[in-house]
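Asks: One structure, pasted below without further comment.
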Amino acid sequence: MSDTTQPGQAGQAPEFDSRDPAAPAFWDERFERGFTPWDQAGVLPAFEAFAAAHPAANVLIPGCGNAWEARWLAERGRTVRAIDFAPSAVAHARAALGDYANVVEQADFYTYTPPFTPAWIFERAFLCALPKVQRADYARRMAELLAPGALLAGYFFIGETPKGPPFGIARDELDALLTPHFTLIDDQPVEGSLPVFQGRERWLTWRRKS
Ligand SMILES: C[S@@+](CC[C@H](N)C(=O)[O-])C[C@H]1O[C@@H](n2cnc3c(N)ncnc32)[C@H](O)[C@@H]1O
């Protein structure tokens, strides 16, 4: 996330050594120092509703951070894998998951192969964490991981930002990025966004094309 103070975040952000969000060290440093303005510390109603509506879906969560959604799913007996390439994110998530710690793995989204075919990849604050040059690779990898009919669904941070992370994406750019591989089947406003995302999150559901 941006190292300038975000709306709703008290005080000045700390100074960090790492400035490259493409590197695990960038995120490691922020997790280690407790600077995580993106962390929801729980799950939002849109996630719960979608999960309830897709009870049989195996779920992959890339860039999981503290993995609140993985915990929610694992506690309900769902098949889920959550990955993050930052060791301290994984350590924090595993500690919080307790008996379910093994659903979290340290891995890079671009090279990870899940142990199941995901029916749903959950997006939250992952695309907007990636440098813009990675956007085409994000779309390509999502398309590789999902079989026809499977879903990419979650919270997308809409609207171009001058800097980041979070790197907001213009709606027409997001549509152009994903429509070669996916059909948009749901688009909803979001309640309960954190200040850093307030008013600019949409719950989008994309179905992988044949
Ligand atoms: C802004 S945080 C969001 C974490 C979580 N999704 C949430 O909503 O709280 C972005 C996360 O993506 C992870 N990440 C960034 N690039 C990644 C990659 N190529 N593979 C795996 N994780 C990555 C970072 O380490 C960081 O934990």
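Identifiers in this document derive from the order of the structure tokens: chains are assigned A, B, ..., residues are numbered from 1 separately in each chain, and ligands are numbered from 1 in order of occurrence.
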Find the residues of chain A that sit at most 7 Å from ligand 1; for each, write down the nearest two atoms and how far apart they are in Å, to one decimal. Count only C-alpha atoms and all ligand atoms. Sort by chain, then by number going up, and give it as CSV.

Replies:
```
residue,atom,partner,partner_atom_place_in_ligand_line,distance
A:Met1,CA,ligand 1,1 (C),6.1
A:Pro21,CA,ligand 1,15 (C),6.9
A:Ala22,CA,ligand 1,16 (N),6.0
A:Pro24,CA,ligand 1,25 (O),5.6
A:Trp27,CA,ligand 1,25 (O),4.8
A:Asp28,CA,ligand 1,25 (O),6.8
A:Trp38,CA,ligand 1,9 (O),5.6
A:Asp39,CA,ligand 1,9 (O),4.3
A:Gln40,CA,ligand 1,9 (O),6.1
A:Pro62,CA,ligand 1,21 (C),5.8
A:Gly63,CA,ligand 1,12 (O),3.4
A:Cys64,CA,ligand 1,6 (N),4.1
A:Gly65,CA,ligand 1,4 (C),3.7
A:Asn66,CA,ligand 1,9 (O),5.8
A:Ala67,CA,ligand 1,5 (C),6.4
A:Ile83,CA,ligand 1,21 (C),5.9
A:Asp84,CA,ligand 1,22 (N),3.7
A:Phe85,CA,ligand 1,21 (C),4.1
A:Ala86,CA,ligand 1,25 (O),4.4
A:Ala89,CA,ligand 1,27 (O),5.7
A:Ala107,CA,ligand 1,21 (C),5.8
A:Asp108,CA,ligand 1,20 (N),3.6
A:Phe109,CA,ligand 1,20 (N),3.9
A:Tyr110,CA,ligand 1,19 (N),6.0
A:Glu123,CA,ligand 1,6 (N),7.0
A:Arg124,CA,ligand 1,8 (O),4.7
A:Ala125,CA,ligand 1,3 (C),4.5
A:Phe126,CA,ligand 1,10 (C),4.9
A:Ala129,CA,ligand 1,1 (C),5.0
A:Leu130,CA,ligand 1,16 (N),5.9
```

Asks: Would you output that residue set with C-alpha atoms, as a tab-separated table (two decimals), in the first residue's frame?

Replies:
```tsv
chain	number	residue	atom	x	y	z
A	1	MET	CA	0.00	0.00	0.00
A	21	PRO	CA	5.92	-4.06	-4.48
A	22	ALA	CA	7.00	-6.74	-6.96
A	24	PRO	CA	8.34	-10.14	-1.29
A	27	TRP	CA	5.34	-6.80	1.85
A	28	ASP	CA	7.46	-8.58	4.44
A	38	TRP	CA	-5.58	-3.05	3.67
A	39	ASP	CA	-6.24	-5.71	6.30
A	40	GLN	CA	-9.95	-6.22	6.89
A	62	PRO	CA	-3.70	-15.62	-4.13
A	63	GLY	CA	-1.89	-12.87	-2.21
A	64	CYS	CA	-3.78	-13.87	0.91
A	65	GLY	CA	-2.03	-11.70	3.50
A	66	ASN	CA	-3.50	-12.59	6.87
A	67	ALA	CA	-5.87	-15.01	5.13
A	83	ILE	CA	-0.85	-18.39	-0.97
A	84	ASP	CA	1.41	-15.44	-0.40
A	85	PHE	CA	5.00	-14.88	-1.47
A	86	ALA	CA	5.93	-12.86	1.64
A	89	ALA	CA	2.48	-12.76	5.76
A	107	ALA	CA	4.27	-19.38	-3.04
A	108	ASP	CA	4.35	-17.04	-6.00
A	109	PHE	CA	1.06	-16.68	-7.83
A	110	TYR	CA	2.73	-16.90	-11.23
A	123	GLU	CA	-9.65	-11.64	-5.34
A	124	ARG	CA	-9.15	-9.04	-2.67
A	125	ALA	CA	-6.45	-6.38	-2.67
A	126	PHE	CA	-4.27	-8.59	-4.85
A	129	ALA	CA	-1.05	-4.75	-4.98
A	130	LEU	CA	0.68	-5.61	-8.26
```

Asks: Extract, using only C-alpha atoms, all DNA, RNA and protein residues at most 6 Å from segment 150-163 of chain A, discarding same-chain residues fewer than 6 positions from it, and format them as a ChimeraX atom specification.

Replies: /A:119-124,169-171,200-208

Asks: Rounded to one decimal, what separation in Å do you get between atom CA of Thr179 of chain A and atom CA of Arg81 of chain A?

Replies: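 Separation of atom CA of Thr179 of chain A and atom CA of Arg81 of chain A: 25.6 Å.
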
Asks: Using only C-alpha atoms, which residue out of A:Gln106, A:Ser18, A:Gln198, A:Thr183 lies closest to Pro87 of chain A?

Replies: A:Gln106

Asks: Could you tell me how far atom CA of Leu174 of chain A sits from atom CA of Glu48 of chain A, in Å to one decimal place?

Replies: 24.1 Å

Asks: Which of segment 8-137 of chain A end up as helix (DSSP H, G or I) when DSSP is run on this backbone - answer as a CSV table (one decimal) with N, CA and C atoms, in the first residue's frame?

Replies:
```
chain,number,residue,atom,x,y,z
A,24,PRO,N,8.9,-9.7,-2.6
A,24,PRO,CA,8.3,-10.1,-1.3
A,24,PRO,C,8.8,-9.3,-0.1
A,25,ALA,N,10.0,-8.7,-0.2
A,25,ALA,CA,10.6,-7.9,0.9
A,25,ALA,C,9.7,-6.7,1.1
A,26,PHE,N,9.1,-6.1,0.1
A,26,PHE,CA,8.3,-5.0,0.3
A,26,PHE,C,7.1,-5.3,1.3
A,27,TRP,N,6.5,-6.4,1.0
A,27,TRP,CA,5.3,-6.8,1.8
A,27,TRP,C,5.8,-7.3,3.2
A,28,ASP,N,6.9,-8.1,3.2
A,28,ASP,CA,7.5,-8.6,4.4
A,28,ASP,C,7.7,-7.5,5.4
A,29,GLU,N,8.3,-6.4,5.0
A,29,GLU,CA,8.6,-5.3,5.8
A,29,GLU,C,7.4,-4.7,6.5
A,30,ARG,N,6.3,-4.6,5.7
A,30,ARG,CA,5.1,-4.0,6.2
A,30,ARG,C,4.4,-4.9,7.1
A,31,PHE,N,4.3,-6.2,6.8
A,31,PHE,CA,3.7,-7.1,7.8
A,31,PHE,C,4.5,-7.1,9.1
A,32,GLU,N,5.8,-7.1,9.0
A,32,GLU,CA,6.7,-7.2,10.2
A,32,GLU,C,6.5,-6.0,11.1
A,45,PRO,N,-19.7,-9.1,4.2
A,45,PRO,CA,-20.9,-9.8,3.8
A,45,PRO,C,-20.9,-10.3,2.4
A,46,ALA,N,-20.4,-9.6,1.5
A,46,ALA,CA,-20.4,-10.0,0.1
A,46,ALA,C,-19.6,-11.4,-0.1
A,47,PHE,N,-18.5,-11.5,0.6
A,47,PHE,CA,-17.8,-12.7,0.6
A,47,PHE,C,-18.6,-13.9,1.2
A,48,GLU,N,-19.2,-13.6,2.3
A,48,GLU,CA,-20.0,-14.7,3.0
A,48,GLU,C,-21.1,-15.1,2.1
A,49,ALA,N,-21.8,-14.2,1.5
A,49,ALA,CA,-22.9,-14.5,0.6
A,49,ALA,C,-22.5,-15.3,-0.6
A,50,PHE,N,-21.4,-14.9,-1.2
A,50,PHE,CA,-20.9,-15.7,-2.4
A,50,PHE,C,-20.5,-17.1,-2.0
A,51,ALA,N,-19.8,-17.2,-0.8
A,51,ALA,CA,-19.3,-18.5,-0.4
A,51,ALA,C,-20.5,-19.4,-0.1
A,52,ALA,N,-21.6,-18.8,0.5
A,52,ALA,CA,-22.8,-19.6,0.8
A,52,ALA,C,-23.5,-20.0,-0.5
A,53,ALA,N,-23.4,-19.2,-1.5
A,53,ALA,CA,-24.1,-19.5,-2.7
A,53,ALA,C,-23.3,-20.5,-3.6
A,68,TRP,N,-7.8,-14.1,6.2
A,68,TRP,CA,-9.1,-14.1,7.0
A,68,TRP,C,-10.1,-15.0,6.2
A,69,GLU,N,-10.2,-14.9,4.9
A,69,GLU,CA,-11.2,-15.6,4.2
A,69,GLU,C,-10.9,-17.1,4.2
A,70,ALA,N,-9.6,-17.4,4.1
A,70,ALA,CA,-9.2,-18.8,4.1
A,70,ALA,C,-9.6,-19.5,5.5
A,71,ARG,N,-9.4,-18.7,6.5
A,71,ARG,CA,-9.8,-19.2,7.8
A,71,ARG,C,-11.3,-19.4,7.9
A,72,TRP,N,-12.1,-18.5,7.4
A,72,TRP,CA,-13.5,-18.6,7.4
A,72,TRP,C,-14.0,-19.8,6.7
A,73,LEU,N,-13.4,-20.1,5.5
A,73,LEU,CA,-13.7,-21.2,4.7
A,73,LEU,C,-13.3,-22.5,5.3
A,74,ALA,N,-12.0,-22.6,5.8
A,74,ALA,CA,-11.5,-23.8,6.4
A,74,ALA,C,-12.3,-24.2,7.7
A,75,GLU,N,-12.7,-23.2,8.4
A,75,GLU,CA,-13.5,-23.5,9.6
A,75,GLU,C,-14.9,-24.1,9.3
A,87,PRO,N,7.2,-14.2,3.3
A,87,PRO,CA,7.2,-15.1,4.4
A,87,PRO,C,6.5,-14.6,5.7
A,88,SER,N,6.6,-13.3,6.0
A,88,SER,CA,6.0,-12.9,7.2
A,88,SER,C,4.5,-12.9,7.1
A,89,ALA,N,3.9,-12.6,5.9
A,89,ALA,CA,2.5,-12.8,5.8
A,89,ALA,C,2.0,-14.2,6.0
A,90,VAL,N,2.8,-15.1,5.5
A,90,VAL,CA,2.5,-16.5,5.7
A,90,VAL,C,2.6,-16.9,7.2
A,91,ALA,N,3.6,-16.4,7.8
A,91,ALA,CA,3.8,-16.8,9.2
A,91,ALA,C,2.6,-16.2,10.1
A,92,HIS,N,2.2,-15.0,9.8
A,92,HIS,CA,1.1,-14.4,10.5
A,92,HIS,C,-0.2,-15.2,10.3
A,93,ALA,N,-0.4,-15.5,9.0
A,93,ALA,CA,-1.6,-16.2,8.7
A,93,ALA,C,-1.7,-17.6,9.3
A,94,ARG,N,-0.6,-18.3,9.2
A,94,ARG,CA,-0.5,-19.6,9.8
A,94,ARG,C,-0.7,-19.6,11.3
A,95,ALA,N,-0.2,-18.6,12.0
A,95,ALA,CA,-0.3,-18.5,13.4
A,95,ALA,C,-1.8,-18.3,13.8
A,96,ALA,N,-2.5,-17.4,13.0
A,96,ALA,CA,-3.9,-17.1,13.2
A,96,ALA,C,-4.8,-18.3,12.9
A,97,LEU,N,-4.4,-19.1,11.9
A,97,LEU,CA,-5.2,-20.2,11.5
A,97,LEU,C,-5.2,-21.5,12.4
A,98,GLY,N,-4.1,-21.5,13.2
A,98,GLY,CA,-4.1,-22.6,14.2
A,98,GLY,C,-4.2,-24.0,13.5
A,99,ASP,N,-5.2,-24.7,13.8
A,99,ASP,CA,-5.4,-26.1,13.3
A,99,ASP,C,-5.5,-26.1,11.8
A,100,TYR,N,-5.8,-25.0,11.2
A,100,TYR,CA,-6.0,-24.9,9.7
A,100,TYR,C,-4.8,-24.3,9.0
A,101,ALA,N,-3.7,-24.2,9.7
A,101,ALA,CA,-2.5,-23.5,9.2
A,101,ALA,C,-2.0,-24.1,7.9
A,102,ASN,N,-2.3,-25.3,7.6
A,102,ASN,CA,-1.7,-26.0,6.4
A,102,ASN,C,-2.5,-25.5,5.1
A,103,VAL,N,-3.5,-24.8,5.3
A,103,VAL,CA,-4.1,-24.3,4.0
A,103,VAL,C,-3.4,-23.1,3.5
A,127,LEU,N,-4.9,-7.8,-7.1
A,127,LEU,CA,-4.6,-7.1,-8.3
A,127,LEU,C,-4.0,-5.7,-8.0
A,128,CYS,N,-4.6,-5.0,-7.1
A,128,CYS,CA,-4.2,-3.6,-6.8
A,128,CYS,C,-2.9,-3.5,-6.1
A,129,ALA,N,-2.4,-4.7,-5.6
A,129,ALA,CA,-1.1,-4.7,-5.0
A,129,ALA,C,0.1,-4.9,-6.0
A,132,LYS,N,1.6,-2.2,-12.2
A,132,LYS,CA,0.8,-2.2,-13.4
A,132,LYS,C,1.3,-3.0,-14.5
A,133,VAL,N,2.7,-3.1,-14.6
A,133,VAL,CA,3.2,-3.9,-15.7
A,133,VAL,C,2.9,-5.4,-15.5
A,134,GLN,N,2.4,-5.8,-14.4
A,134,GLN,CA,2.0,-7.2,-14.2
A,134,GLN,C,0.6,-7.5,-14.6
A,135,ARG,N,-0.2,-6.5,-15.0
A,135,ARG,CA,-1.6,-6.8,-15.1
A,135,ARG,C,-1.9,-7.8,-16.2
A,136,ALA,N,-1.2,-7.8,-17.3
A,136,ALA,CA,-1.5,-8.8,-18.4
A,136,ALA,C,-1.1,-10.2,-17.9
A,137,ASP,N,0.0,-10.3,-17.1
A,137,ASP,CA,0.4,-11.6,-16.5
A,137,ASP,C,-0.7,-12.1,-15.5
```

Asks: Using only C-alpha atoms, pick whichever of A:Pro37, A:Pro114, A:Gly77, A:Pro131 has the shortest atom-to-atom distance to Ala23 of chain A.

Replies: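 Of A:Pro37, A:Pro114, A:Gly77, A:Pro131, the one nearest Ala23 of chain A, counting only C-alpha atoms, is A:Pro131.
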
Asks: Quote the spacing between atom CA of Gly149 of chain A and atom CA of Gly168 of chain A in Å to one decimal place.

Replies: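 Pair atom CA of Gly149 of chain A / atom CA of Gly168 of chain A returns 26.8 Å.
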
Asks: Return as a PyMOL selection string the full set of residues in segment 91-187 of chain A whose backbone-based DSSP assignment is strand (DSSP E).

Replies: chain A and resi 104-106+120-124+151-157+182-187

Asks: How would the residues just picked look written out with N, CA and C atoms as a PDB file, in the first residue's frame?

Replies:
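Output contents, as saved in part_5.pdb:
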```pdb
ATOM      1  N   VAL A 104      -2.440 -22.554   4.198  1.00  0.00           N
ATOM      2  CA  VAL A 104      -1.673 -21.396   3.729  1.00  0.00           C
ATOM      3  C   VAL A 104      -0.272 -21.852   3.318  1.00  0.00           C
ATOM      4  N   GLU A 105       0.122 -21.452   2.120  1.00  0.00           N
ATOM      5  CA  GLU A 105       1.440 -21.821   1.609  1.00  0.00           C
ATOM      6  C   GLU A 105       2.190 -20.582   1.141  1.00  0.00           C
ATOM      7  N   GLN A 106       3.508 -20.634   1.304  1.00  0.00           N
ATOM      8  CA  GLN A 106       4.335 -19.565   0.734  1.00  0.00           C
ATOM      9  C   GLN A 106       4.610 -19.908  -0.716  1.00  0.00           C
ATOM     10  N   TRP A 120     -13.288 -21.486  -7.824  1.00  0.00           N
ATOM     11  CA  TRP A 120     -13.386 -20.054  -7.503  1.00  0.00           C
ATOM     12  C   TRP A 120     -12.008 -19.565  -7.073  1.00  0.00           C
ATOM     13  N   ILE A 121     -11.522 -18.542  -7.732  1.00  0.00           N
ATOM     14  CA  ILE A 121     -10.372 -17.805  -7.218  1.00  0.00           C
ATOM     15  C   ILE A 121     -10.895 -16.511  -6.619  1.00  0.00           C
ATOM     16  N   PHE A 122     -10.557 -16.297  -5.356  1.00  0.00           N
ATOM     17  CA  PHE A 122     -11.028 -15.117  -4.636  1.00  0.00           C
ATOM     18  C   PHE A 122     -10.005 -13.996  -4.762  1.00  0.00           C
ATOM     19  N   GLU A 123     -10.494 -12.842  -5.185  1.00  0.00           N
ATOM     20  CA  GLU A 123      -9.655 -11.641  -5.338  1.00  0.00           C
ATOM     21  C   GLU A 123     -10.000 -10.637  -4.253  1.00  0.00           C
ATOM     22  N   ARG A 124      -8.996 -10.233  -3.510  1.00  0.00           N
ATOM     23  CA  ARG A 124      -9.146  -9.040  -2.667  1.00  0.00           C
ATOM     24  C   ARG A 124      -7.764  -8.410  -2.466  1.00  0.00           C
ATOM     25  N   LEU A 151     -14.865 -19.562 -11.691  1.00  0.00           N
ATOM     26  CA  LEU A 151     -15.136 -18.153 -11.379  1.00  0.00           C
ATOM     27  C   LEU A 151     -13.938 -17.447 -10.757  1.00  0.00           C
ATOM     28  N   LEU A 152     -13.739 -16.218 -11.204  1.00  0.00           N
ATOM     29  CA  LEU A 152     -12.851 -15.264 -10.532  1.00  0.00           C
ATOM     30  C   LEU A 152     -13.776 -14.229  -9.913  1.00  0.00           C
ATOM     31  N   ALA A 153     -13.802 -14.192  -8.586  1.00  0.00           N
ATOM     32  CA  ALA A 153     -14.803 -13.336  -7.930  1.00  0.00           C
ATOM     33  C   ALA A 153     -14.236 -12.732  -6.661  1.00  0.00           C
ATOM     34  N   GLY A 154     -14.591 -11.482  -6.448  1.00  0.00           N
ATOM     35  CA  GLY A 154     -14.156 -10.808  -5.224  1.00  0.00           C
ATOM     36  C   GLY A 154     -14.205  -9.306  -5.383  1.00  0.00           C
ATOM     37  N   TYR A 155     -13.381  -8.660  -4.602  1.00  0.00           N
ATOM     38  CA  TYR A 155     -13.375  -7.200  -4.505  1.00  0.00           C
ATOM     39  C   TYR A 155     -12.307  -6.625  -5.429  1.00  0.00           C
ATOM     40  N   PHE A 156     -12.738  -5.728  -6.300  1.00  0.00           N
ATOM     41  CA  PHE A 156     -11.809  -5.065  -7.217  1.00  0.00           C
ATOM     42  C   PHE A 156     -11.797  -3.574  -6.909  1.00  0.00           C
ATOM     43  N   PHE A 157     -10.596  -3.011  -6.893  1.00  0.00           N
ATOM     44  CA  PHE A 157     -10.396  -1.601  -6.541  1.00  0.00           C
ATOM     45  C   PHE A 157     -10.386  -0.796  -7.842  1.00  0.00           C
ATOM     46  N   PHE A 182     -12.747 -13.948 -19.814  1.00  0.00           N
ATOM     47  CA  PHE A 182     -13.845 -14.064 -18.852  1.00  0.00           C
ATOM     48  C   PHE A 182     -15.072 -13.272 -19.306  1.00  0.00           C
ATOM     49  N   THR A 183     -16.231 -13.746 -18.822  1.00  0.00           N
ATOM     50  CA  THR A 183     -17.480 -13.003 -18.991  1.00  0.00           C
ATOM     51  C   THR A 183     -17.905 -12.472 -17.629  1.00  0.00           C
ATOM     52  N   LEU A 184     -18.200 -11.194 -17.548  1.00  0.00           N
ATOM     53  CA  LEU A 184     -18.652 -10.604 -16.287  1.00  0.00           C
ATOM     54  C   LEU A 184     -20.105 -11.012 -16.047  1.00  0.00           C
ATOM     55  N   ILE A 185     -20.364 -11.678 -14.926  1.00  0.00           N
ATOM     56  CA  ILE A 185     -21.725 -12.143 -14.667  1.00  0.00           C
ATOM     57  C   ILE A 185     -22.346 -11.488 -13.441  1.00  0.00           C
ATOM     58  N   ASP A 186     -21.571 -10.734 -12.671  1.00  0.00           N
ATOM     59  CA  ASP A 186     -22.168 -10.000 -11.551  1.00  0.00           C
ATOM     60  C   ASP A 186     -21.289  -8.805 -11.212  1.00  0.00           C
ATOM     61  N   ASP A 187     -21.942  -7.737 -10.784  1.00  0.00           N
ATOM     62  CA  ASP A 187     -21.250  -6.466 -10.515  1.00  0.00           C
ATOM     63  C   ASP A 187     -22.061  -5.750  -9.452  1.00  0.00           C
TER      64      ASP A 187
END
```

Asks: Under the rule that only C-alpha atoms are counted, which of A:Val196, A:Ile61, A:Val190, A:Ala82 is the nearest residue to Leu44 of chain A?

Replies: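 Nearest to Leu44 of chain A: A:Val190.
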